[in-house]
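Below is entry_6.cif, which holds mmCIF, C-alpha atoms and all ligand atoms.
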```cif
data_upload
#
loop_
_atom_site.label_atom_id
_atom_site.label_comp_id
_atom_site.auth_asym_id
_atom_site.auth_seq_id
_atom_site.Cartn_x
_atom_site.Cartn_y
_atom_site.Cartn_z
CA MET A 1 42.49 10.54 -6.77
CA ALA A 2 42.48 9.24 -10.32
CA SER A 3 42.43 5.71 -8.98
CA ILE A 4 39.57 6.57 -6.62
CA LEU A 5 37.71 7.90 -9.63
CA SER A 6 38.22 4.76 -11.67
CA VAL A 7 37.06 2.49 -8.85
CA CYS A 8 34.10 4.78 -8.26
CA THR A 9 33.18 4.81 -11.94
CA THR A 10 32.87 1.03 -12.03
CA THR A 11 30.99 0.96 -8.75
CA ALA A 12 28.58 3.69 -9.83
CA ALA A 13 27.65 1.85 -12.99
CA ALA A 14 26.91 -1.26 -10.95
CA MET A 15 25.16 0.82 -8.34
CA ASN A 16 22.81 2.43 -10.77
CA ALA A 17 21.89 -0.91 -12.25
CA VAL A 18 21.26 -2.42 -8.84
CA VAL A 19 19.34 0.38 -7.22
CA MET A 20 17.03 0.90 -10.17
CA ASN A 21 15.01 -1.95 -8.72
CA ALA A 22 14.99 -0.84 -5.13
CA SER A 23 11.83 -0.10 -3.26
CA ARG A 24 10.15 3.25 -3.06
CA ARG A 25 11.78 5.83 -0.80
CA SER A 26 14.21 3.50 0.88
CA SER A 27 16.47 3.89 -2.10
CA SER A 28 14.63 6.59 -3.93
CA LEU A 29 17.56 8.87 -3.32
CA PHE A 30 19.52 7.12 -5.99
CA SER A 31 16.89 5.17 -7.77
CA SER A 32 13.29 4.69 -8.53
CA SER A 33 11.11 1.66 -8.18
CA SER A 34 10.00 -0.21 -11.21
CA SER A 35 6.94 -2.24 -10.61
CA SER A 36 6.60 -5.69 -11.93
CA SER A 37 3.40 -6.96 -13.38
CA SER A 38 0.89 -8.78 -11.32
CA SER A 39 0.43 -12.50 -10.93
CA SER A 40 -1.91 -13.36 -8.16
CA SER A 41 -0.94 -17.01 -8.13
CA SER A 42 2.47 -16.24 -6.68
CA MET A 43 1.11 -14.13 -3.87
CA ARG A 44 1.51 -15.47 -0.40
CA SER A 45 -1.65 -15.46 1.65
CA SER A 46 -1.70 -13.04 4.55
CA SER A 47 -1.86 -15.44 7.46
CA PHE A 48 -0.02 -14.81 10.72
CA PRO A 49 1.25 -17.94 12.43
CA GLY A 50 2.82 -16.31 15.53
CA THR A 51 0.37 -15.66 18.38
CA SER A 52 1.89 -12.26 19.27
CA LEU A 53 1.86 -11.23 15.66
CA LYS A 54 -1.77 -12.13 15.54
CA THR A 55 -2.42 -9.79 18.44
CA SER A 56 -0.47 -6.93 16.93
CA PHE A 57 -2.24 -7.29 13.62
CA LYS A 58 -5.69 -7.46 15.15
CA SER A 59 -6.49 -3.96 13.93
CA SER A 60 -5.67 -4.99 10.39
CA SER A 61 -7.77 -8.11 10.33
CA LYS A 62 -10.69 -6.37 8.63
CA SER A 63 -8.43 -5.11 5.88
CA ILE A 64 -6.84 -8.50 5.51
CA LYS A 65 -10.23 -10.13 5.09
CA MET A 66 -11.00 -7.55 2.40
CA GLU A 67 -7.70 -8.40 0.73
CA GLN A 68 -8.53 -12.10 0.74
CA LYS A 69 -11.98 -11.34 -0.65
CA ARG A 70 -10.39 -9.17 -3.33
CA ARG A 71 -8.03 -11.93 -4.33
CA ARG A 72 -10.94 -14.30 -4.78
CA ARG A 73 -12.55 -11.68 -7.01
CA HIS A 74 -9.25 -11.22 -8.83
CA ASP A 75 -8.86 -14.94 -9.39
CA SER A 76 -12.34 -15.07 -10.84
CA GLY A 77 -11.51 -12.20 -13.17
CA LEU A 78 -13.79 -9.67 -11.54
CA ILE A 79 -11.19 -7.12 -10.51
CA VAL A 80 -11.57 -3.63 -11.95
CA THR A 81 -8.21 -2.17 -12.83
CA ASN A 82 -8.91 1.57 -12.83
CA MET A 83 -9.49 3.30 -9.53
CA ALA A 84 -12.94 4.69 -9.02
CA ALA A 85 -13.51 7.99 -7.21
CA GLY A 86 -15.18 6.28 -4.29
CA ASP A 87 -12.43 3.72 -3.63
CA LYS A 88 -11.57 3.18 0.00
CA VAL A 89 -8.03 3.17 1.44
CA ASP A 90 -8.06 -0.60 1.66
CA ASP A 91 -8.87 -0.79 -2.01
CA LEU A 92 -6.05 1.59 -2.85
CA ASN A 93 -3.65 -0.50 -0.82
CA ILE A 94 -4.84 -3.66 -2.46
CA LYS A 95 -4.14 -2.16 -5.86
CA ALA A 96 -0.65 -1.25 -4.74
CA SER A 97 -0.04 -4.85 -3.76
CA GLU A 98 -0.95 -6.06 -7.21
CA THR A 99 2.16 -4.49 -8.70
CA ASN A 100 4.60 -6.12 -6.35
CA VAL A 101 4.53 -9.75 -7.22
CA SER A 102 7.42 -11.64 -8.76
CA GLU A 103 7.35 -12.36 -12.46
CA THR A 104 9.89 -15.14 -12.61
CA LYS A 105 11.43 -17.47 -10.06
CA LEU A 106 14.98 -16.28 -10.74
CA GLY A 107 13.98 -12.61 -10.68
CA GLY A 108 12.00 -13.25 -7.52
CA ASP A 109 14.97 -14.96 -5.85
CA VAL A 110 17.33 -12.09 -6.67
CA ARG A 111 14.78 -9.57 -5.46
CA GLN A 112 14.29 -11.65 -2.33
CA ILE A 113 17.93 -11.53 -1.28
CA LEU A 114 18.32 -7.83 -2.17
CA GLY A 115 15.15 -6.93 -0.29
CA PHE A 116 13.39 -5.50 -3.33
CA LYS A 117 9.70 -5.55 -4.08
CA GLY A 118 8.47 -8.51 -6.08
CA ALA A 119 10.52 -10.94 -4.02
CA SER A 120 10.07 -14.67 -4.36
CA THR A 121 7.45 -15.90 -1.92
CA GLU A 122 8.47 -19.51 -1.85
CA ASP A 123 9.94 -21.03 1.32
CA VAL A 124 13.32 -19.49 1.97
CA PRO A 125 15.88 -20.32 4.66
CA VAL A 126 15.82 -18.04 7.68
CA TRP A 127 19.31 -16.63 7.04
CA LYS A 128 18.05 -15.32 3.70
CA ILE A 129 15.08 -13.74 5.42
CA HIS A 130 17.46 -11.97 7.84
CA ILE A 131 19.39 -10.56 4.88
CA GLN A 132 16.23 -9.65 3.01
CA LEU A 133 15.10 -7.57 6.00
CA THR A 134 18.26 -5.47 5.76
CA LYS A 135 17.52 -4.70 2.06
CA PRO A 136 21.09 -4.91 0.71
CA GLY A 137 20.07 -2.90 -2.36
CA THR A 138 19.66 0.14 -0.14
CA TRP A 139 23.21 -0.05 1.31
CA VAL A 140 24.69 1.16 -1.95
CA PRO A 141 24.02 4.93 -1.62
CA LEU A 142 25.54 4.92 1.86
CA ILE A 143 28.64 3.09 0.67
CA TRP A 144 28.92 5.58 -2.19
CA GLY A 145 28.59 8.42 0.36
CA VAL A 146 31.52 7.02 2.34
CA MET A 147 33.61 7.03 -0.86
CA CYS A 148 32.66 10.65 -1.55
CA GLY A 149 33.66 11.56 2.01
CA ALA A 150 36.97 9.73 1.66
CA ALA A 151 37.64 11.64 -1.57
CA ALA A 152 36.67 14.91 0.14
CA SER A 153 39.16 14.32 2.96
CA GLY A 154 41.99 14.86 0.49
CA HIS A 155 44.05 12.29 2.40
CA TYR A 156 42.94 8.98 0.98
CA GLU A 157 45.84 6.89 -0.24
CA TRP A 158 45.75 3.28 -1.38
CA ASN A 159 47.40 1.25 1.39
CA LEU A 160 46.23 -1.70 3.49
CA ASP A 161 45.51 0.44 6.54
CA ASN A 162 43.25 2.79 4.58
CA ILE A 163 41.52 -0.03 2.72
CA GLY A 164 40.75 -1.65 6.09
CA LYS A 165 39.38 1.60 7.49
CA ALA A 166 37.30 2.22 4.36
CA LEU A 167 35.85 -1.31 4.49
CA LEU A 168 34.99 -0.93 8.18
CA CYS A 169 33.35 2.45 7.54
CA MET A 170 31.35 1.00 4.62
CA THR A 171 30.32 -2.04 6.67
CA MET A 172 29.18 0.25 9.47
CA SER A 173 27.16 2.45 7.11
CA GLY A 174 25.73 -0.26 4.83
CA PRO A 175 25.09 -3.67 6.37
CA PHE A 176 24.92 -2.51 9.98
CA LEU A 177 23.24 0.89 10.13
CA THR A 178 21.24 0.82 6.89
CA GLY A 179 20.34 -2.78 7.75
CA TYR A 180 19.19 -1.58 11.18
CA THR A 181 17.22 1.28 9.58
CA GLN A 182 15.45 -1.03 7.15
CA THR A 183 14.67 -3.70 9.73
CA ILE A 184 13.24 -1.21 12.19
CA ASN A 185 11.24 0.38 9.36
CA ASP A 186 9.75 -2.99 8.41
CA TRP A 187 8.96 -3.66 12.04
CA TYR A 188 7.02 -0.43 12.50
CA ASP A 189 5.37 -0.84 9.08
CA ARG A 190 4.23 -4.39 9.78
CA GLU A 191 0.53 -3.55 9.97
CA ILE A 192 0.40 -1.54 6.76
CA ASP A 193 2.63 -4.10 5.02
CA ALA A 194 0.15 -6.78 6.05
CA ILE A 195 -2.21 -5.02 3.65
CA ASN A 196 0.12 -3.62 0.97
CA GLU A 197 2.80 -6.30 0.83
CA PRO A 198 1.63 -9.28 2.88
CA TYR A 199 4.40 -11.44 1.45
CA ARG A 200 7.08 -9.39 3.24
CA PRO A 201 8.98 -11.33 5.93
CA ILE A 202 7.27 -9.93 9.03
CA PRO A 203 3.59 -9.87 8.05
CA SER A 204 3.90 -13.23 6.26
CA GLY A 205 5.18 -14.78 9.49
CA ALA A 206 8.36 -15.97 7.75
CA ILE A 207 10.38 -14.70 10.71
CA SER A 208 9.49 -14.56 14.38
CA GLU A 209 9.03 -11.37 16.39
CA THR A 210 11.95 -12.36 18.66
CA ALA A 211 14.25 -12.92 15.70
CA VAL A 212 13.38 -9.50 14.26
CA LYS A 213 14.03 -7.77 17.58
CA ALA A 214 17.33 -9.65 17.96
CA GLN A 215 18.33 -8.55 14.46
CA ILE A 216 17.56 -4.91 15.28
CA ALA A 217 19.68 -5.08 18.45
CA VAL A 218 22.61 -6.87 16.78
CA LEU A 219 22.74 -4.45 13.83
CA LEU A 220 22.45 -1.37 16.03
CA LEU A 221 25.13 -2.54 18.46
CA GLY A 222 27.32 -3.67 15.56
CA GLY A 223 27.04 -0.24 13.90
CA LEU A 224 27.85 1.58 17.14
CA ALA A 225 30.78 -0.75 17.80
CA CYS A 226 32.18 -0.16 14.30
CA GLY A 227 31.94 3.60 14.87
CA TRP A 228 33.71 3.31 18.20
CA GLN A 229 36.40 1.07 16.70
CA LEU A 230 36.98 3.46 13.79
CA ASP A 231 37.53 6.34 16.22
CA GLN A 232 40.13 4.22 18.06
CA TRP A 233 41.80 3.17 14.81
CA CYS A 234 41.96 6.76 13.55
CA GLU A 235 43.22 7.93 16.98
CA HIS A 236 40.50 10.55 17.32
CA ASP A 237 40.55 12.58 20.55
CA PHE A 238 36.83 13.24 20.09
CA PRO A 239 34.64 10.21 19.14
CA VAL A 240 33.19 11.90 16.08
CA ILE A 241 32.33 8.74 14.14
CA PHE A 242 30.72 7.10 17.15
CA LEU A 243 28.56 10.21 17.65
CA LEU A 244 27.58 10.10 13.98
CA THR A 245 26.43 6.52 14.42
CA VAL A 246 24.39 7.51 17.49
CA PHE A 247 22.82 10.41 15.58
CA GLY A 248 22.14 8.27 12.49
CA SER A 249 20.48 5.54 14.56
CA TRP A 250 18.32 8.14 16.30
CA VAL A 251 17.19 9.67 12.97
CA SER A 252 16.47 6.15 11.71
CA TYR A 253 14.32 5.51 14.75
CA ILE A 254 12.27 8.72 14.59
CA TYR A 255 11.84 8.24 10.83
CA SER A 256 9.95 4.99 11.32
CA ALA A 257 8.70 4.85 14.90
CA PRO A 258 5.88 6.72 16.58
CA PRO A 259 5.30 9.27 17.98
CA LEU A 260 7.41 11.30 15.50
CA LYS A 261 7.29 8.85 12.57
CA LEU A 262 8.79 11.36 10.13
CA LYS A 263 8.01 9.15 7.14
CA ALA A 264 4.34 9.98 7.62
CA GLU A 265 5.13 13.68 7.52
CA GLY A 266 5.49 13.95 3.76
CA TRP A 267 8.36 16.16 2.66
CA LYS A 268 9.86 16.30 6.16
CA GLY A 269 10.39 12.54 5.99
CA CYS A 270 11.85 12.95 2.50
CA TYR A 271 14.34 15.51 3.76
CA ALA A 272 15.31 13.36 6.77
CA LEU A 273 16.00 10.51 4.38
CA GLY A 274 17.73 12.64 1.73
CA SER A 275 20.00 14.41 4.17
CA SER A 276 20.89 11.28 6.13
CA TYR A 277 21.70 9.34 2.99
CA ILE A 278 23.88 12.10 1.53
CA ALA A 279 25.44 13.91 4.47
CA LEU A 280 25.99 11.26 7.17
CA PRO A 281 28.04 8.70 5.22
CA TRP A 282 30.00 11.55 3.62
CA TRP A 283 30.84 12.91 7.09
CA ALA A 284 31.79 9.45 8.32
CA GLY A 285 34.12 8.88 5.33
CA MET A 286 35.64 12.31 5.72
CA ALA A 287 36.18 11.95 9.48
CA THR A 288 37.82 8.57 8.90
CA PHE A 289 40.48 9.93 6.59
CA GLY A 290 40.72 13.61 7.46
CA GLN A 291 39.10 16.47 9.28
CA LEU A 292 35.35 17.04 9.27
CA THR A 293 34.92 20.82 9.12
CA PRO A 294 31.78 22.99 9.55
CA ASP A 295 31.99 24.39 5.99
CA VAL A 296 31.82 20.96 4.35
CA MET A 297 29.08 19.96 6.77
CA VAL A 298 26.99 22.93 5.64
CA LEU A 299 27.73 22.17 1.99
CA THR A 300 26.59 18.55 2.26
CA VAL A 301 23.46 19.48 4.20
CA LEU A 302 22.64 21.92 1.39
CA TYR A 303 23.37 19.23 -1.18
CA SER A 304 20.80 17.11 0.64
CA ILE A 305 18.11 19.45 -0.67
CA ALA A 306 18.75 17.83 -4.05
CA GLY A 307 18.21 14.51 -2.28
CA LEU A 308 14.88 15.84 -1.03
CA GLY A 309 13.90 16.66 -4.63
CA ILE A 310 14.76 13.16 -5.77
CA ALA A 311 12.80 11.58 -2.95
CA ILE A 312 9.80 13.72 -3.96
CA VAL A 313 9.92 12.47 -7.57
CA ASN A 314 8.65 9.14 -6.23
CA ASP A 315 5.68 10.77 -4.53
CA PHE A 316 3.95 11.70 -7.79
CA LYS A 317 2.82 8.20 -8.58
CA SER A 318 1.24 7.73 -5.15
CA ILE A 319 -0.73 10.95 -4.86
CA GLU A 320 -4.13 9.30 -4.49
CA GLY A 321 -2.95 6.76 -1.93
CA ASP A 322 -1.04 9.39 0.06
CA ARG A 323 -4.04 11.71 0.05
CA ALA A 324 -6.31 8.90 1.21
CA LEU A 325 -3.89 8.09 4.03
CA GLY A 326 -3.52 11.78 4.97
CA LEU A 327 0.17 11.95 4.01
CA GLN A 328 1.22 15.49 3.19
CA SER A 329 3.63 14.73 0.37
CA LEU A 330 4.60 17.72 -1.73
CA PRO A 331 2.38 16.79 -4.70
CA VAL A 332 -0.54 16.31 -2.31
CA ALA A 333 0.10 19.60 -0.53
CA PHE A 334 0.77 21.77 -3.61
CA GLY A 335 -0.82 19.90 -6.51
CA VAL A 336 1.06 18.31 -9.42
CA GLU A 337 1.76 21.50 -11.39
CA LYS A 338 3.39 23.45 -8.56
CA ALA A 339 5.05 20.41 -7.04
CA LYS A 340 6.84 19.40 -10.24
CA TRP A 341 8.49 22.81 -10.49
CA ILE A 342 9.42 22.80 -6.80
CA THR A 343 10.96 19.37 -7.33
CA VAL A 344 13.16 20.31 -10.28
CA GLY A 345 13.89 23.66 -8.62
CA THR A 346 15.33 22.00 -5.51
CA ILE A 347 17.36 19.50 -7.55
CA ASP A 348 18.81 22.10 -9.92
CA ALA A 349 19.23 25.08 -7.62
CA THR A 350 21.19 23.03 -5.08
CA GLN A 351 23.58 21.58 -7.61
CA LEU A 352 24.03 24.92 -9.41
CA PHE A 353 24.76 26.57 -6.08
CA VAL A 354 27.43 23.96 -5.35
CA ALA A 355 28.92 24.36 -8.85
CA PHE A 356 29.18 28.13 -8.40
CA TYR A 357 30.56 27.66 -4.90
CA LEU A 358 33.31 25.39 -6.21
CA ARG A 359 34.17 28.06 -8.77
CA GLY A 360 34.22 30.60 -5.94
CA ILE A 361 36.86 28.61 -4.02
CA GLY A 362 38.99 28.23 -7.14
CA GLU A 363 38.02 24.69 -8.11
CA ASP A 364 37.19 25.66 -11.69
CA PHE A 365 37.85 22.22 -13.19
CA TYR A 366 35.46 20.41 -10.85
CA SER A 367 32.96 23.25 -11.13
CA ASN A 368 32.92 22.73 -14.91
CA VAL A 369 32.55 18.98 -14.45
CA LEU A 370 29.57 19.61 -12.19
CA PHE A 371 27.96 21.98 -14.72
CA CYS A 372 28.41 19.29 -17.38
CA LEU A 373 26.70 16.77 -15.08
CA ILE A 374 23.80 19.13 -14.30
CA ALA A 375 23.03 19.82 -17.98
CA PRO A 376 21.78 16.29 -18.85
CA GLN A 377 19.66 16.28 -15.70
CA ILE A 378 17.90 19.46 -16.83
CA PHE A 379 17.48 17.94 -20.29
CA ALA A 380 15.86 14.85 -18.75
CA GLN A 381 13.58 17.06 -16.67
CA PHE A 382 12.26 18.82 -19.77
CA LYS A 383 12.07 15.64 -21.83
CA PHE A 384 10.47 13.31 -19.27
CA PHE A 385 9.60 14.72 -15.88
CA LEU A 386 7.99 18.10 -16.52
CA PRO A 387 5.67 16.97 -19.35
CA ASP A 388 4.26 14.12 -17.19
CA PRO A 389 5.76 13.58 -13.73
CA ILE A 390 3.36 10.77 -12.89
CA LYS A 391 3.94 8.69 -15.99
CA ASN A 392 7.63 9.42 -16.50
CA ASP A 393 9.03 9.37 -12.97
CA VAL A 394 10.94 6.12 -13.49
CA LYS A 395 12.26 7.20 -16.90
CA TYR A 396 13.42 10.49 -15.43
CA GLN A 397 15.17 8.85 -12.48
CA ALA A 398 16.92 6.39 -14.78
CA ALA A 399 18.08 9.14 -17.12
CA ALA A 400 19.10 11.74 -14.55
CA GLN A 401 20.29 10.04 -11.40
CA PRO A 402 23.65 8.71 -12.59
CA PHE A 403 24.62 12.31 -13.34
CA LEU A 404 23.59 13.47 -9.88
CA VAL A 405 25.50 10.63 -8.24
CA PHE A 406 28.65 11.50 -10.17
CA GLY A 407 28.09 15.15 -9.27
CA LEU A 408 28.37 14.15 -5.62
CA LEU A 409 31.64 12.40 -6.33
CA ALA A 410 32.97 15.35 -8.34
CA THR A 411 32.16 17.60 -5.39
CA GLY A 412 33.99 15.24 -3.03
CA LEU A 413 37.05 15.21 -5.27
CA ALA A 414 36.91 19.00 -5.57
CA TRP A 415 36.83 19.37 -1.82
CA GLY A 416 39.74 16.97 -1.39
CA HIS A 417 41.73 18.93 -3.95
CA HIS A 418 40.86 22.17 -2.18
CA VAL A 419 41.97 20.79 1.19
CA ASN A 420 45.32 19.77 -0.29
CA MET A 421 45.77 23.13 -2.03
CA LEU A 422 45.21 24.96 1.25
CA ALA A 423 47.67 22.68 3.04
CA ALA A 424 50.39 23.12 0.39
C1 LIG B 501 13.90 3.00 6.18
C2 LIG B 501 14.15 3.97 5.12
C3 LIG B 501 13.31 4.10 4.11
C4 LIG B 501 12.06 3.35 3.94
O1 LIG B 501 11.06 4.23 3.56
P1 LIG B 501 9.57 3.79 3.30
O2 LIG B 501 9.05 3.10 4.50
O3 LIG B 501 8.82 4.98 2.85
O4 LIG B 501 9.69 2.76 2.11
P2 LIG B 501 9.30 1.23 2.06
O5 LIG B 501 7.83 1.16 2.34
O6 LIG B 501 9.63 0.79 0.68
O7 LIG B 501 10.10 0.50 3.08
C5 LIG B 501 15.37 4.83 5.19
C6 LIG B 501 15.38 5.77 6.37
C7 LIG B 501 16.64 6.55 6.45
C8 LIG B 501 16.78 7.22 7.76
C9 LIG B 501 15.92 8.47 7.86
C10 LIG B 501 18.18 7.60 8.11
C11 LIG B 501 19.28 6.62 7.76
C12 LIG B 501 20.47 6.85 8.59
C13 LIG B 501 21.68 6.07 8.17
C14 LIG B 501 21.45 4.63 7.94
C15 LIG B 501 22.72 6.29 9.24
C16 LIG B 501 24.10 6.20 8.72
C17 LIG B 501 25.05 6.78 9.72
C18 LIG B 501 26.48 6.57 9.43
C19 LIG B 501 26.91 6.68 8.05
C20 LIG B 501 27.34 7.27 10.39
#
```

As structure tokens, how would this structure be written, given the file I've shared?
Amino acid sequence: MASILSVCTTTAAAMNAVVMNASRRSSSLFSSSSSSSSSSSSMRSSSFPGTSLKTSFKSSSKSIKMEQKRRRRHDSGLIVTNMAAGDKVDDLNIKASETNVSETKLGGDVRQILGFKGASTEDVPVWKIHIQLTKPGTWVPLIWGVMCGAAASGHYEWNLDNIGKALLCMTMSGPFLTGYTQTINDWYDREIDAINEPYRPIPSGAISETAVKAQIAVLLLGGLACGWQLDQWCEHDFPVIFLLTVFGSWVSYIYSAPPLKLKAEGWKGCYALGSSYIALPWWAGMATFGQLTPDVMVLTVLYSIAGLGIAIVNDFKSIEGDRALGLQSLPVAFGVEKAKWITVGTIDATQLFVAFYLRGIGEDFYSNVLFCLIAPQIFAQFKFFLPDPIKNDVKYQAAAQPFLVFGLLATGLAWGHHVNMLAA
């Protein structure tokens, strides 16, 4: 376990650095987006070369024209930076797009390949576009979740067989299923992205409709095949990992696609994302190396409430846009004052519950570790988030999230220790 911890420590440091730049929500569970400054010259114009794309974006054409008009105004220095009370949705969206443009070529290239906002808009080879669509930056939390699950199994040992299984499980969760989730999300968001982020691969026409659909199919089938293969490799009588992949793909679909489109349902979408990102990879890692039991399933689903809180932190900066679009995010539904306390309440109460629970099952050491990891999060809440959740959301996420992420790992290690104690 000590060696798992050391590998995880290095990975977590890298992870936090990487995901700090990831896009809103898709990686908000472990990060927060940091917007880059605007530079209209590097924006790609919102034209749609493919005929079918043209048809599907017909409804957005008015907004696109407005965007082009706005850019002309921007170029001539006429843009007004502060939002007026009477701004229309299109105007709000246009303002959002201003913050997402690359500052430097190198930064833009890195963002491009990781699938972050502010990606380079210069001509890129199609294989890079395929990778960009999968948003590699967002694989990291899922890969971390698999590690936590492996630790929680109590049976992970460093040998070639286990390393192979772990790599397959991480590949299934990251590149395949998160890649599938992100691609399908971009597909169903193509009309709104044509307004907000017209330089993204689909609305910019950088990739064809057929190629996107093929990518969705390949990633989904690849993820399901990995799950099936893992069950065979682990000699499971019941195809638990395969069923997890089916469930995860279904949640991914209803998150982005109509008629359910959970992402438009405010906090429900946040919880779907938070719970899937925390619980599912954990379960997959645990089932790969040990036994997935109902008690740990309940514990991780509860832990996901903290994930919900973190996802909500990112909703404070978009209150006006969400309200204009009719999205019932928590800050929209309850107002900033109430929502900020609900947010910290969910994050803290969940982790404190888990810390007390670990104490209850005799895992005092890990319980103390978890308390020590919760304390700086509460400090960051009082220092940054509670005084001004709109201005300080990014600062708060940067200060607090590493501690939450390590709390997850501490809980996994505690569970693994507990499993071994019971077996002894
Ligand atoms: C697509 C996702 C987030 C994007 O959110 P949003 O559209 O608001 O942000 P952008 O505009 O910046 O794109 C993530 C959705 C996650 C989904 C609900 C569930 C994921 C399931 C896992 C990938 C499945 C893993 C299963 C496995 C480990 C067995």

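Considering the residues A:Leu370, A:Val405, A:Leu167, A:Ile131 and counting only C-alpha atoms, Gly285 (chain A) has its shortest atom-to-atom contact with A:Leu167.
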
Please return as a PyMOL selection string the residues found within 7 Å of ligand LIG 501 (chain B), counting only C-alpha atoms and all ligand atoms.
chain A and resi 23-27+142+172-173+177-178+181-182+185-186+241+244-245+248-249+251-252+255-256+263+272-273+276-277+280-281+284

Have a look at CA of Lys261 (chain A) and CA of Leu308 (chain A) and let me know their distance in Å, one decimal.
17.1 Å

Grab the CA of His236 (chain A) to CA of Trp158 (chain A) distance for me, in Å with one decimal place.
20.7 Å

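Note that CA of Trp144 (chain A) and CA of Gly223 (chain A) are 17.2 Å apart.
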
Which neighbours of region 376-386 of chain A fall inside 12 Å, counting all atoms listed in the file, when residues of the same chain fewer than 5 positions from it are skipped, and could you give them as JSON, numbers by chain?
{"A": [306, 310, 312, 313, 314, 316, 317, 336, 337, 338, 339, 340, 341, 342, 343, 344, 345, 346, 347, 348, 349, 351, 352, 369, 370, 371, 391, 392, 393, 394, 395, 396, 397, 398, 399, 400, 401, 402, 403, 404, 405, 406, 407]}

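For the set A:Glu320, A:Asp161, A:Asp364, A:Glu235, the residue with the smallest atom-to-atom gap to Gly335 (chain A) is A:Glu320, counting all atoms listed in the file.
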
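Checking A:Leu243, A:Ala333, A:Ile278, A:Leu168 one by one against Ile319 (chain A), counting all atoms listed in the file, you find the shortest gap at A:Ala333.
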
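The shortest atom-to-atom distance to Phe334 (chain A), with all atoms listed in the file taken into account, belongs to A:Trp267 out of A:Asp295, A:Ala311, A:Trp267, A:Ile202.
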
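Across A:Gly227, A:Pro201, A:Pro125, A:Gly154, the tightest approach to Gly416 (chain A) is made by A:Gly154 when counting only C-alpha atoms.
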
Which of these residues is nearest to Ala257 (chain A), using all atoms listed in the file: A:Lys165, A:Arg359, A:Lys135, A:Arg190?
A:Arg190

Selection near Glu157 (chain A), 12 Å with only C-alpha atoms, sequence-local residues under 2 positions removed, as an mmCIF file with C-alpha atoms, in the frame of the given file:
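That gives us part-v2.cif:
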```
data_model
loop_
_atom_site.group_PDB
_atom_site.id
_atom_site.type_symbol
_atom_site.label_atom_id
_atom_site.label_comp_id
_atom_site.auth_asym_id
_atom_site.auth_seq_id
_atom_site.Cartn_x
_atom_site.Cartn_y
_atom_site.Cartn_z
ATOM 1 C CA MET A 1 42.490 10.540 -6.770
ATOM 2 C CA ALA A 2 42.480 9.240 -10.320
ATOM 3 C CA SER A 3 42.430 5.710 -8.980
ATOM 4 C CA ILE A 4 39.570 6.570 -6.620
ATOM 5 C CA ALA A 150 36.970 9.730 1.660
ATOM 6 C CA ALA A 151 37.640 11.640 -1.570
ATOM 7 C CA SER A 153 39.160 14.320 2.960
ATOM 8 C CA GLY A 154 41.990 14.860 0.490
ATOM 9 C CA HIS A 155 44.050 12.290 2.400
ATOM 10 C CA ASN A 159 47.400 1.250 1.390
ATOM 11 C CA LEU A 160 46.230 -1.700 3.490
ATOM 12 C CA ASP A 161 45.510 0.440 6.540
ATOM 13 C CA ASN A 162 43.250 2.790 4.580
ATOM 14 C CA ILE A 163 41.520 -0.030 2.720
ATOM 15 C CA GLY A 164 40.750 -1.650 6.090
ATOM 16 C CA LYS A 165 39.380 1.600 7.490
ATOM 17 C CA ALA A 166 37.300 2.220 4.360
ATOM 18 C CA PHE A 289 40.480 9.930 6.590
ATOM 19 C CA GLY A 290 40.720 13.610 7.460
ATOM 20 C CA GLY A 416 39.740 16.970 -1.390
#
```

Please list, as a PyMOL selection string, the residues that have an atom at most 12 Å away from (33.3, 24.4, -10.1) in the coordinates of this file, counting all atoms listed in the file.
chain A and resi 351-374+407+410-415+417-418

Excluding Leu219 (chain A) and residues on its chain fewer than 6 positions from it, collect all residues at most 8 Å away from it, counting all atoms listed in the file, and give them as a list in words.
Pro175, Phe176, Leu177, Gly179 and Tyr180 of chain A

Hey, could you patch up region 411-417 of chain A with N, CA and C atoms and hand it over as an mmCIF file, in the frame of the given file?
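Wrote result-v8.cif, looks like this:
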```cif
data_model
loop_
_atom_site.group_PDB
_atom_site.id
_atom_site.type_symbol
_atom_site.label_atom_id
_atom_site.label_comp_id
_atom_site.auth_asym_id
_atom_site.auth_seq_id
_atom_site.Cartn_x
_atom_site.Cartn_y
_atom_site.Cartn_z
ATOM 1 N N THR A 411 32.074 16.627 -6.473
ATOM 2 C CA THR A 411 32.160 17.600 -5.390
ATOM 3 C C THR A 411 33.126 17.102 -4.302
ATOM 4 N N GLY A 412 33.054 15.807 -4.009
ATOM 5 C CA GLY A 412 33.990 15.240 -3.030
ATOM 6 C C GLY A 412 35.431 15.394 -3.482
ATOM 7 N N LEU A 413 35.679 15.087 -4.745
ATOM 8 C CA LEU A 413 37.050 15.210 -5.270
ATOM 9 C C LEU A 413 37.499 16.668 -5.255
ATOM 10 N N ALA A 414 36.577 17.571 -5.580
ATOM 11 C CA ALA A 414 36.910 19.000 -5.570
ATOM 12 C C ALA A 414 37.307 19.435 -4.173
ATOM 13 N N TRP A 415 36.538 18.968 -3.194
ATOM 14 C CA TRP A 415 36.830 19.370 -1.820
ATOM 15 C C TRP A 415 38.192 18.812 -1.382
ATOM 16 N N GLY A 416 38.445 17.575 -1.739
ATOM 17 C CA GLY A 416 39.740 16.970 -1.390
ATOM 18 C C GLY A 416 40.888 17.757 -2.012
ATOM 19 N N HIS A 417 40.697 18.145 -3.259
ATOM 20 C CA HIS A 417 41.730 18.930 -3.950
ATOM 21 C C HIS A 417 41.923 20.263 -3.243
#
```
